[in-house]
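A.B. asks: For reference, the file coords35.txt (compact mmCIF, C-alpha atoms) is included below:
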# COMPACT_ATOMS: atom_id res chain seq x y z
CA MET A 1 138.66 9.40 -8.66
CA GLU A 2 140.47 9.06 -5.35
CA LEU A 3 142.36 12.32 -5.85
CA PHE A 4 139.14 14.00 -6.97
CA GLY A 5 137.57 12.89 -3.67
CA VAL A 6 140.53 14.34 -1.76
CA TRP A 7 140.09 17.64 -3.62
CA VAL A 8 136.37 17.71 -2.81
CA ALA A 9 137.08 16.96 0.86
CA ALA A 10 139.83 19.61 0.95
CA PHE A 11 137.58 22.22 -0.67
CA LEU A 12 134.79 21.53 1.83
CA THR A 13 137.26 21.57 4.74
CA LEU A 14 138.58 24.98 3.65
CA CYS A 15 135.02 26.23 3.14
CA ILE A 16 134.23 25.43 6.77
CA TYR A 17 137.50 26.89 8.08
CA SER A 18 136.71 30.11 6.21
CA PHE A 19 134.23 30.75 9.03
CA LEU A 20 137.24 31.62 11.22
CA TYR A 21 137.48 34.83 9.21
CA ARG A 22 133.73 35.51 9.33
CA ASP A 23 130.41 34.18 8.05
CA ASN A 24 130.68 33.97 4.25
CA PRO A 25 129.09 32.27 1.21
CA PHE A 26 131.63 29.42 1.19
CA TYR A 27 130.86 28.52 4.79
CA ARG A 28 127.11 28.72 4.19
CA PHE A 29 127.52 26.50 1.12
CA ALA A 30 129.33 23.80 3.12
CA GLU A 31 127.04 24.17 6.13
CA HIS A 32 123.85 23.62 4.14
CA LEU A 33 125.34 20.80 2.09
CA PHE A 34 126.50 19.12 5.30
CA LEU A 35 123.00 19.36 6.75
CA GLY A 36 121.42 17.82 3.66
CA VAL A 37 123.97 15.02 3.33
CA SER A 38 123.76 14.16 7.04
CA VAL A 39 119.97 13.98 6.96
CA GLY A 40 120.10 11.84 3.81
CA TYR A 41 122.64 9.55 5.45
CA GLY A 42 120.40 9.24 8.53
CA ILE A 43 117.39 8.33 6.36
CA VAL A 44 119.35 5.64 4.50
CA LEU A 45 120.74 4.16 7.74
CA SER A 46 117.36 4.06 9.46
CA ILE A 47 115.86 2.26 6.48
CA HIS A 48 118.70 -0.20 5.92
CA ASP A 49 119.45 -0.84 9.60
CA GLY A 50 115.92 -0.49 10.97
CA LEU A 51 113.04 -1.06 8.59
CA ILE A 52 114.60 -3.62 6.25
CA PRO A 53 116.12 -6.10 8.77
CA PHE A 54 113.41 -5.79 11.41
CA ALA A 55 110.27 -5.26 9.33
CA TRP A 56 110.68 -5.98 5.63
CA ASN A 57 112.82 -9.17 5.82
CA PRO A 58 110.60 -11.00 8.37
CA PHE A 59 107.49 -9.86 6.53
CA TRP A 60 108.82 -11.02 3.16
CA LYS A 61 109.88 -14.32 4.68
CA ALA A 62 106.37 -14.73 6.09
CA VAL A 63 104.86 -14.18 2.66
CA THR A 64 107.27 -16.33 0.63
CA GLU A 65 107.93 -19.14 3.12
CA ARG A 66 104.48 -19.08 4.75
CA GLU A 67 105.72 -18.23 8.25
CA PRO A 68 102.77 -16.52 9.91
CA ALA A 69 104.89 -15.19 12.81
CA GLY A 70 106.47 -12.69 10.43
CA LEU A 71 103.06 -11.15 9.79
CA LEU A 72 103.22 -9.82 13.36
CA LYS A 73 105.59 -7.18 11.96
CA LEU A 74 102.58 -5.61 10.24
CA ILE A 75 101.48 -4.34 13.66
CA PRO A 76 104.51 -2.09 14.33
CA ILE A 77 104.47 -0.99 10.68
CA ALA A 78 100.85 0.09 11.11
CA ILE A 79 101.75 1.82 14.38
CA GLY A 80 104.69 3.56 12.69
CA LEU A 81 102.46 4.75 9.84
CA MET A 82 100.39 6.59 12.46
CA PHE A 83 103.23 9.17 12.58
CA PHE A 84 102.00 10.39 9.19
CA ALA A 85 98.79 11.55 10.92
CA ARG A 86 100.81 14.57 12.05
CA LEU A 87 100.66 15.81 8.48
CA VAL A 88 96.83 15.98 8.64
CA PRO A 89 95.91 18.52 11.36
CA LYS A 90 92.42 17.05 11.91
CA HIS A 91 93.86 13.63 12.78
CA ALA A 92 97.12 14.79 14.35
CA TRP A 93 96.10 13.32 17.73
CA ILE A 94 96.66 9.79 16.35
CA ILE A 95 100.39 10.42 16.66
CA ARG A 96 99.96 9.97 20.43
CA TYR A 97 99.60 6.19 19.93
CA PRO A 98 103.10 5.49 18.54
CA PHE A 99 104.60 8.09 20.88
CA ALA A 100 102.94 6.50 23.92
CA ILE A 101 104.22 3.05 22.94
CA LEU A 102 107.79 4.27 22.35
CA ILE A 103 107.84 6.30 25.56
CA GLY A 104 106.32 3.41 27.53
CA VAL A 105 108.91 0.97 26.15
CA GLY A 106 111.72 3.43 26.83
CA SER A 107 110.55 4.08 30.39
CA GLY A 108 110.05 0.38 31.11
CA LEU A 109 113.54 -0.40 29.85
CA ALA A 110 115.10 2.56 31.66
CA ILE A 111 114.00 1.68 35.19
CA PRO A 112 115.84 -1.67 35.62
CA ASN A 113 118.76 -0.78 33.34
CA VAL A 114 119.49 2.62 34.91
CA MET A 115 119.10 1.10 38.36
CA ASP A 116 121.65 -1.57 37.51
CA ALA A 117 124.18 0.34 35.40
CA SER A 118 124.04 3.80 36.93
CA ILE A 119 123.08 3.26 40.56
CA PHE A 120 124.15 -0.19 41.78
CA ARG A 121 127.37 -0.32 39.78
CA GLN A 122 128.36 3.24 40.68
CA LEU A 123 127.69 2.59 44.36
CA HIS A 124 129.55 -0.71 44.04
CA GLY A 125 132.56 1.10 42.56
CA THR A 126 132.47 3.65 45.37
CA LEU A 127 132.13 1.21 48.26
CA VAL A 128 134.14 -1.86 47.18
CA PRO A 129 137.51 -0.19 47.92
CA PHE A 130 136.44 -0.03 51.60
CA ALA A 131 136.13 -3.82 51.65
CA GLN A 132 139.62 -3.97 50.19
CA ILE A 133 140.84 -1.54 52.87
CA TYR A 134 139.29 -3.85 55.50
CA ALA A 135 141.07 -6.82 53.90
CA GLY A 136 144.34 -4.88 53.99
CA LYS A 137 144.82 -4.97 50.21
CA LEU A 138 145.25 -1.23 49.61
CA GLY A 139 148.22 1.05 50.21
CA PRO A 140 148.01 4.47 51.93
CA PHE A 141 147.68 6.40 48.65
CA GLU A 142 144.85 4.15 47.44
CA ILE A 143 143.11 4.42 50.82
CA PHE A 144 143.29 8.21 50.50
CA GLY A 145 141.78 7.93 46.98
CA ALA A 146 138.93 5.70 48.22
CA ILE A 147 138.07 8.08 51.07
CA LEU A 148 138.28 11.07 48.70
CA MET A 149 135.97 9.29 46.28
CA PHE A 150 133.39 8.62 49.00
CA ILE A 151 133.52 12.21 50.26
CA GLY A 152 133.26 13.52 46.68
CA VAL A 153 130.20 11.43 45.84
CA ILE A 154 128.37 12.37 49.05
CA ALA A 155 129.31 16.07 48.74
CA THR A 156 128.27 16.24 45.06
CA LEU A 157 124.94 14.55 45.81
CA THR A 158 124.40 16.96 48.71
CA TYR A 159 125.02 19.93 46.41
CA PHE A 160 122.17 18.73 44.15
CA PHE A 161 119.87 17.93 47.08
CA PHE A 162 117.51 20.88 47.18
CA SER A 163 114.91 19.49 49.60
CA VAL A 164 116.75 21.07 52.53
CA GLU A 165 118.20 24.55 52.78
CA HIS A 166 121.95 24.68 52.18
CA ARG A 167 122.92 26.11 55.58
CA GLY A 168 124.99 24.81 58.45
CA VAL A 169 126.40 21.28 57.98
CA VAL A 170 124.51 20.74 54.70
CA GLY A 171 125.80 24.07 53.40
CA GLY A 172 129.36 23.13 54.31
CA ILE A 173 129.12 19.72 52.63
CA SER A 174 127.57 21.26 49.52
CA LYS A 175 130.49 23.72 49.35
CA VAL A 176 132.86 20.75 49.34
CA GLY A 177 130.64 19.37 46.55
CA ILE A 178 131.27 22.56 44.53
CA VAL A 179 135.02 21.97 44.84
CA PHE A 180 134.67 18.45 43.41
CA LEU A 181 132.29 19.66 40.71
CA MET A 182 134.69 22.39 39.61
CA VAL A 183 137.54 19.89 39.31
CA GLY A 184 135.20 17.57 37.39
CA PHE A 185 134.06 20.32 35.01
CA GLY A 186 137.65 21.49 34.54
CA SER A 187 138.72 17.94 33.63
CA ALA A 188 135.79 17.57 31.24
CA PHE A 189 136.70 20.90 29.64
CA GLY A 190 140.36 19.90 29.31
CA ASN A 191 139.43 16.58 27.71
CA THR A 192 137.00 18.27 25.32
CA VAL A 193 139.61 20.82 24.25
CA MET A 194 142.16 18.07 23.65
CA GLY A 195 139.62 16.08 21.63
CA ARG A 196 138.85 19.07 19.43
CA VAL A 197 142.53 19.91 19.03
CA SER A 198 143.15 16.29 17.95
CA LEU A 199 140.49 16.72 15.27
CA LEU A 200 142.12 19.98 14.19
CA ILE A 201 145.52 18.28 13.91
CA GLN A 202 143.93 15.48 11.89
CA ARG A 203 142.33 17.97 9.48
CA VAL A 204 145.56 19.94 9.07
CA ASP A 205 147.39 16.63 8.50
CA PHE A 206 144.81 15.80 5.83
CA LEU A 207 145.27 19.15 4.10
CA VAL A 208 149.08 19.02 4.20
CA ASN A 209 149.73 15.34 3.46
CA ASP A 210 146.66 13.89 1.74
CA TRP A 211 145.74 16.94 -0.30
CA ILE A 212 148.88 18.97 -1.04
CA GLY A 213 151.28 15.99 -0.72
CA ASN A 214 149.28 13.64 -2.97
CA THR A 215 148.61 16.40 -5.49
CA ILE A 216 152.33 17.20 -5.80
CA GLN A 217 153.15 13.50 -6.12
CA SER A 218 150.60 13.05 -8.89
CA LEU A 219 152.11 15.86 -10.99
CA PRO A 220 153.84 14.52 -14.14
CA PHE A 221 157.00 16.63 -13.63
CA MET B 4 89.94 7.51 23.28
CA ARG B 5 92.32 10.34 22.39
CA ARG B 6 94.14 10.49 25.72
CA GLN B 7 93.07 7.41 27.70
CA VAL B 8 94.15 4.81 25.12
CA PRO B 9 97.69 6.27 24.73
CA LEU B 10 98.00 6.42 28.52
CA ALA B 11 96.90 2.78 28.77
CA LEU B 12 99.31 1.74 25.99
CA CYS B 13 102.16 3.53 27.75
CA PHE B 14 101.30 1.81 31.04
CA ILE B 15 101.01 -1.68 29.50
CA PHE B 16 104.18 -1.48 27.39
CA GLY B 17 106.16 0.14 30.21
CA LEU B 18 105.05 -2.43 32.79
CA VAL B 19 105.67 -5.39 30.46
CA MET B 20 109.17 -4.18 29.57
CA MET B 21 110.04 -3.53 33.21
CA LEU B 22 108.79 -6.90 34.46
CA ALA B 23 110.31 -8.82 31.54
CA GLU B 24 113.71 -7.49 32.55
CA PHE B 25 113.45 -9.34 35.86
CA SER B 26 112.11 -12.59 34.42
CA PRO B 27 114.55 -14.94 32.67
CA HIS B 28 111.68 -17.21 31.44
CA PRO B 29 111.92 -17.79 27.64
CA VAL B 30 108.35 -16.56 27.09
CA SER B 31 108.90 -13.21 28.84
CA GLN B 32 112.30 -12.81 27.17
CA GLY B 33 110.66 -13.56 23.80
CA ILE B 34 108.00 -10.91 24.43
CA ARG B 35 110.71 -8.45 25.50
CA LYS B 36 112.74 -9.08 22.33
CA GLU B 37 109.64 -8.78 20.12
CA ILE B 38 108.69 -5.43 21.67
CA ILE B 39 112.25 -4.10 21.26
CA ASP B 40 112.08 -5.17 17.60
CA TRP B 41 108.77 -3.33 17.30
CA SER B 42 110.40 -0.18 18.69
CA LEU B 43 113.22 -0.48 16.16
CA ILE B 44 110.59 -0.69 13.41
CA ILE B 45 108.53 2.23 14.72
CA TRP B 46 111.46 4.63 15.31
CA PRO B 47 112.40 5.13 11.63
CA PHE B 48 108.84 6.33 10.98
CA ALA B 49 109.45 9.07 13.58
CA LEU B 50 112.25 10.25 11.33
CA VAL B 51 109.58 11.08 8.76
CA LEU B 52 108.36 13.85 11.05
CA ALA B 53 111.84 15.28 11.48
CA VAL B 54 112.52 15.20 7.73
CA ALA B 55 109.07 16.66 6.97
CA SER B 56 109.78 19.50 9.41
CA LEU B 57 113.18 20.20 7.85
CA VAL B 58 111.79 20.12 4.30
CA HIS B 59 108.89 22.36 5.33
CA THR B 60 111.24 24.91 6.95
CA HIS B 61 113.51 25.16 3.92
CA TRP B 62 110.62 25.09 1.46
CA ILE B 63 109.07 28.07 3.29
CA ARG B 64 112.46 29.85 3.20
CA ILE B 65 112.63 29.40 -0.57
CA ARG B 66 109.02 30.46 -1.13
CA ARG B 67 109.36 33.58 0.99
CA ARG B 68 112.76 34.41 -0.44
CA ALA B 69 114.10 34.68 3.11
CA GLU B 70 117.70 35.69 3.72
CA TYR B 71 120.15 33.18 2.14
CA TRP B 72 117.21 31.22 0.69
CA GLN B 73 119.35 29.96 -2.20
CA TYR B 74 121.34 27.76 0.17
CA SER B 75 118.20 25.82 1.09
CA TYR B 76 118.42 24.14 -2.33
CA LEU B 77 121.75 22.68 -1.17
CA VAL B 78 119.99 20.97 1.74
CA PHE B 79 117.61 19.32 -0.70
CA ILE B 80 120.38 18.41 -3.13
CA GLY B 81 122.53 16.79 -0.43
CA MET B 82 119.59 14.90 1.01
CA ILE B 83 118.20 13.72 -2.34
CA VAL B 84 121.60 12.56 -3.62
CA MET B 85 122.19 10.44 -0.50
CA VAL B 86 118.66 9.01 -0.52
CA VAL B 87 118.59 8.31 -4.27
CA ILE B 88 121.87 6.41 -4.09
CA GLY B 89 121.49 4.87 -0.63
CA ILE B 90 117.95 3.51 -0.55
CA PRO B 91 117.88 1.48 -3.79
CA PHE B 92 121.57 0.48 -3.93
CA GLY B 93 122.36 0.15 -0.23
CA LYS B 94 124.82 1.83 2.08
CA ARG B 95 127.78 -0.12 0.69
CA HIS B 96 127.37 1.15 -2.87
CA PRO B 97 130.65 2.81 -3.99
CA ALA B 98 128.92 6.13 -4.80
CA PHE B 99 127.27 6.24 -1.37
CA VAL B 100 130.56 5.35 0.35
CA TRP B 101 132.32 8.03 -1.74
CA MET B 102 129.83 10.67 -0.62
CA PHE B 103 130.19 9.54 2.99
CA GLU B 104 133.99 9.48 2.99
CA ASN B 105 134.65 12.61 0.92
CA VAL B 106 131.74 14.87 1.82
CA GLN B 107 130.17 13.94 5.13
CA VAL B 108 133.13 12.72 7.22
CA PRO B 109 135.49 15.62 6.32
CA MET B 110 132.80 18.21 7.03
CA ASP B 111 131.79 16.49 10.25
CA ALA B 112 135.39 16.38 11.52
CA THR B 113 136.04 19.96 10.40
CA MET B 114 132.90 21.28 12.09
CA PHE B 115 133.98 19.71 15.37
CA SER B 116 137.58 20.84 14.97
CA LEU B 117 136.25 24.38 14.47
CA LEU B 118 135.08 24.14 18.05
CA ALA B 119 138.76 24.08 19.13
CA PHE B 120 138.98 27.77 18.19
CA ILE B 121 135.58 28.67 19.61
CA ILE B 122 136.24 26.81 22.86
CA ALA B 123 139.63 28.55 23.18
CA SER B 124 138.09 32.00 22.84
CA ALA B 125 135.32 31.01 25.28
CA ALA B 126 137.94 29.76 27.73
CA TYR B 127 139.80 33.06 27.53
CA ARG B 128 136.68 34.85 28.73
CA ALA B 129 135.49 32.26 31.25
CA PHE B 130 138.78 31.13 32.77
CA ARG B 131 139.69 34.20 34.74
CA ALA B 132 140.81 33.06 38.16
CA ARG B 133 138.63 35.56 39.98
CA THR B 134 137.27 33.15 42.61
CA PHE B 135 138.55 30.03 44.32
CA GLU B 136 136.12 27.84 42.33
CA ALA B 137 137.16 29.41 39.00
CA SER B 138 140.81 28.84 39.92
CA LEU B 139 140.09 25.17 40.61
CA LEU B 140 138.37 24.83 37.24
CA LEU B 141 141.31 26.50 35.53
CA ALA B 142 143.93 24.40 37.36
CA ALA B 143 142.13 21.10 36.67
CA ALA B 144 141.68 21.95 32.99
CA LEU B 145 145.33 23.00 32.59
CA ILE B 146 146.67 19.86 34.31
CA VAL B 147 144.42 17.61 32.20
CA MET B 148 145.45 19.38 28.99
CA ILE B 149 149.18 19.41 29.75
CA GLY B 150 149.09 15.81 31.00
CA ASN B 151 147.31 14.72 27.83
CA VAL B 152 150.20 15.50 25.50
CA PRO B 153 153.64 13.83 25.64
CA VAL B 154 155.33 17.22 25.33
CA GLY B 155 153.96 18.09 28.80
CA ASP B 156 155.94 15.27 30.42
CA PHE B 157 158.94 16.03 28.19
CA ILE B 158 159.14 19.69 29.26
CA TRP B 159 158.57 18.81 32.93
CA ASN B 160 161.30 16.13 32.91
CA LYS B 161 163.74 18.53 31.24
CA LEU B 162 163.09 21.49 33.54
CA ILE B 163 162.23 19.98 36.92
CA PRO B 164 164.68 17.55 38.55
CA PHE B 165 162.06 15.59 40.53
CA GLY B 166 158.72 13.82 39.83
CA ASP B 167 159.22 11.98 36.54
CA ASP B 168 156.19 12.29 34.22
CA LEU B 169 154.31 14.26 36.88
CA PRO B 170 151.89 16.03 34.46
CA SER B 171 150.48 12.77 33.06
CA THR B 172 150.43 11.15 36.52
CA ALA B 173 148.61 14.16 38.00
CA ARG B 174 146.17 14.16 35.10
CA GLN B 175 145.38 10.48 35.62
CA TRP B 176 144.95 11.00 39.37
CA ILE B 177 142.53 13.90 38.80
CA LEU B 178 140.53 11.88 36.28
CA ASP B 179 140.39 8.79 38.52
CA ASN B 180 139.62 10.51 41.83
CA PRO B 181 138.01 13.99 42.17
CA ASN B 182 136.70 13.98 38.59
CA LEU B 183 135.24 10.47 38.90
CA SER B 184 133.67 11.19 42.28
CA SER B 185 131.88 14.31 40.98
CA ARG B 186 130.78 12.39 37.91
CA ARG B 187 129.46 9.58 40.08
CA GLY B 188 127.49 12.09 42.12
CA ILE B 189 126.02 13.59 38.94
CA ILE B 190 125.28 10.16 37.43
CA LEU B 191 123.55 9.02 40.64
CA GLY B 192 121.45 12.20 40.71
CA ILE B 193 120.49 11.89 37.03
CA SER B 194 119.69 8.19 37.44
CA LEU B 195 117.36 8.81 40.36
CA GLY B 196 115.69 11.51 38.26
CA VAL B 197 115.34 9.17 35.25
CA ILE B 198 113.80 6.43 37.39
CA SER B 199 111.32 8.73 39.10
CA GLN B 200 110.37 10.33 35.78
CA SER B 201 109.94 6.90 34.15
CA ILE B 202 107.66 5.78 36.99
CA ARG B 203 105.63 8.99 36.59
CA ILE B 204 105.32 8.38 32.83
CA ILE B 205 104.26 4.73 33.21
CA LEU B 206 101.69 5.61 35.87
CA GLY B 207 100.30 8.42 33.69
CA ILE B 208 101.21 11.20 36.13
CA GLU B 209 103.54 12.81 33.60
CA ARG B 210 101.55 13.39 30.40
CA SER B 211 103.37 16.24 28.66
CA TYR B 212 104.36 13.92 25.78
CA LEU B 213 100.67 13.75 24.79
CA GLY B 214 100.79 17.43 23.86
CA GLY B 215 97.94 19.89 24.17
CA GLY B 216 94.32 19.58 23.09
CA ASP B 217 91.77 16.94 24.06
What is this file in structure tokens?

C.D. replies:
Amino acid sequence: MELFGVWVAAFLTLCIYSFLYRDNPFYRFAEHLFLGVSVGYGIVLSIHDGLIPFAWNPFWKAVTEREPAGLLKLIPIAIGLMFFARLVPKHAWIIRYPFAILIGVGSGLAIPNVMDASIFRQLHGTLVPFAQIYAGKLGPFEIFGAILMFIGVIATLTYFFFSVEHRGVVGGISKVGIVFLMVGFGSAFGNTVMGRVSLLIQRVDFLVNDWIGNTIQSLPF
Amino acid sequence: MRRQVPLALCFIFGLVMMLAEFSPHPVSQGIRKEIIDWSLIIWPFALVLAVASLVHTHWIRIRRRAEYWQYSYLVFIGMIVMVVIGIPFGKRHPAFVWMFENVQVPMDATMFSLLAFIIASAAYRAFRARTFEASLLLAAALIVMIGNVPVGDFIWNKLIPFGDDLPSTARQWILDNPNLSSRRGIILGISLGVISQSIRIILGIERSYLGGGD
């Protein structure tokens, strides 16, 4: 069964790589199967990791062990069921209720969390090295890095600041921002390419060792 | 009723979640946890819409005999097999795990590895050092790529008599300094945007999520 699984995986891998030649029935077969399997996997995960532990288990406990607090879970279940109103055009507006709650919760959570994780901590990381410079803890190369970091952050922010025209001093700073952005995008591109190439190596390794290698080893002669 | 109640719900839930974050009192933390649990219960129902839309699209393709309509059956087959095994027997059932390990994971990895070829051909067209900015992009990408693989340091150390392991050192310096500073600038800009948009949503100024109609 294990070798059969390897053969299935190898066949599907080759089906997808056949796209390198051109669009063909094998690729379309794998593409559509992948879509279906992924959606099915997502459905199963959302039920087993979402509905069952957070809704069904507390509700069942409330019924069997007479814990009224668990009955509270009926409220979000009822709210969730409102999504089905989308399937009835006349009552489709009801879907706004669960959407409004989810968006409200998301927005309420985002404000303090984003402020903490993405603003205060990023500013902290940018400015703390200057305290270390003041305390004499950094060497010349690290001081250069800290100053470069500060200039880069300010210049990048200036580039995205469209409330003033990018001329004169602002224009100059925003041009420096472009330099930092290009290096940043280049690095991101390089990392992405290397990540994809790693996946390619892993797939080729699978085809050569797991598929061909195991198949040869399993031959009786 | 159709617009005011959702706006009020959004305001109440948004305000409660925001204030609860700043209050360590057990009651407010309990309310916060309960509402997060509610969200985790409500979200899977939203998946129903996505699945209904997908099924509808492929069902229409089959009915209209659109181009490549036969493949739409494969979408249904893949989905039904996973659901029929996964929902009653759980995600640790051997058949479900087999499907995940031998069908989904290999195809997922292969799809992403396919991007290595596509990204390479895109780079060939985009990475022409015609301007100073394009040259910077090209140089940063090349240094990061060469510094990422041990063979980069190996070739450098063999050919150049100074600067041991310079490619990987240069890569790390680029990632830790100019790259990080531009990322920080972008993150700060996005964060300010997220906060202002969240405030607009909670206060009911931004209402596009309600859709059209009355």

A.B. asks: So which one's closest to chain B, A:Gly186, A:Pro89, A:Gly70, A:Pro98? Using all atoms listed in the file, please.

C.D. replies: A:Gly186

A.B. asks: For CA of Pro181 (chain B) and CA of Lys175 (chain A), determine how far apart the two atoms are, in Å to one decimal place.

C.D. replies: 14.2 Å

A.B. asks: What residues have an atom no more than 12 Å from (101.2, 7.0, 36.9) in the file's own frame, counting all atoms listed in the file, and can you write them as a compact mmCIF listing (two decimals) with C-alpha atoms, keeping the file's coordinate frame?

C.D. replies:
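As written to disk, out_18.txt reads:
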# COMPACT_ATOMS: atom_id res chain seq x y z
CA GLY A 104 106.32 3.41 27.53
CA SER A 107 110.55 4.08 30.39
CA LEU B 10 98.00 6.42 28.52
CA ALA B 11 96.90 2.78 28.77
CA CYS B 13 102.16 3.53 27.75
CA PHE B 14 101.30 1.81 31.04
CA ILE B 15 101.01 -1.68 29.50
CA GLY B 17 106.16 0.14 30.21
CA LEU B 18 105.05 -2.43 32.79
CA SER B 199 111.32 8.73 39.10
CA GLN B 200 110.37 10.33 35.78
CA SER B 201 109.94 6.90 34.15
CA ILE B 202 107.66 5.78 36.99
CA ARG B 203 105.63 8.99 36.59
CA ILE B 204 105.32 8.38 32.83
CA ILE B 205 104.26 4.73 33.21
CA LEU B 206 101.69 5.61 35.87
CA GLY B 207 100.30 8.42 33.69
CA ILE B 208 101.21 11.20 36.13
CA GLU B 209 103.54 12.81 33.60
CA ARG B 210 101.55 13.39 30.40

A.B. asks: Residues at most 7 Å from Ser174 (chain A), counting all atoms listed in the file, excluding those fewer than 6 positions away in the same chain, as a CSV table (one decimal) with C-alpha atoms, in the coordinates of the input?

C.D. replies:
chain,number,residue,atom,x,y,z
A,155,ALA,CA,129.3,16.1,48.7
A,156,THR,CA,128.3,16.2,45.1
A,158,THR,CA,124.4,17.0,48.7
A,159,TYR,CA,125.0,19.9,46.4

A.B. asks: Could you give me, as a PyMOL selection string, the residues within 9 Å of Gly214 (chain B), counting only C-alpha atoms and dropping anything in the same chain fewer than 3 positions from it?

C.D. replies: (chain A and resi 93+96) or (chain B and resi 210-211)

A.B. asks: Have a look at CA of Thr172 (chain B) and CA of His124 (chain A) and let me know their distance in Å, one decimal.

C.D. replies: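 These atoms are spaced 25.2 Å apart.
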
A.B. asks: For Ile201 (chain A), which residue among B:Ala119, B:Ser184, B:Ala143, B:Arg68 is the nearest when counting only C-alpha atoms?

C.D. replies: B:Ala119

A.B. asks: In Å, how far is it from CA of Ala142 (chain B) to CA of Ser185 (chain B)?

C.D. replies: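 Distance reported for this atom pair: 16.1 Å.
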
A.B. asks: Skipping near chain neighbours, those fewer than 5 positions away, what residues fall within 9 Å of Leu22 (chain B) using only C-alpha atoms, listed as a JSON list (two decimals) with C-alpha atoms, in the coordinates of the input?

C.D. replies:
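This went into part.json:
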[["chain", "number", "residue", "atom", "x", "y", "z"],
["A", 108, "GLY", "CA", 110.05, 0.38, 31.11],
["A", 112, "PRO", "CA", 115.84, -1.67, 35.62],
["B", 17, "GLY", "CA", 106.16, 0.14, 30.21],
["B", 31, "SER", "CA", 108.90, -13.21, 28.84]]

A.B. asks: Using only C-alpha atoms, which protein or nucleic acid residues come within 9 Å of Leu195 (chain B)? Drop anything in the same chain fewer than 6 positions from it, and give the result as a ChimeraX atom specification.

C.D. replies: /A:114-115,119
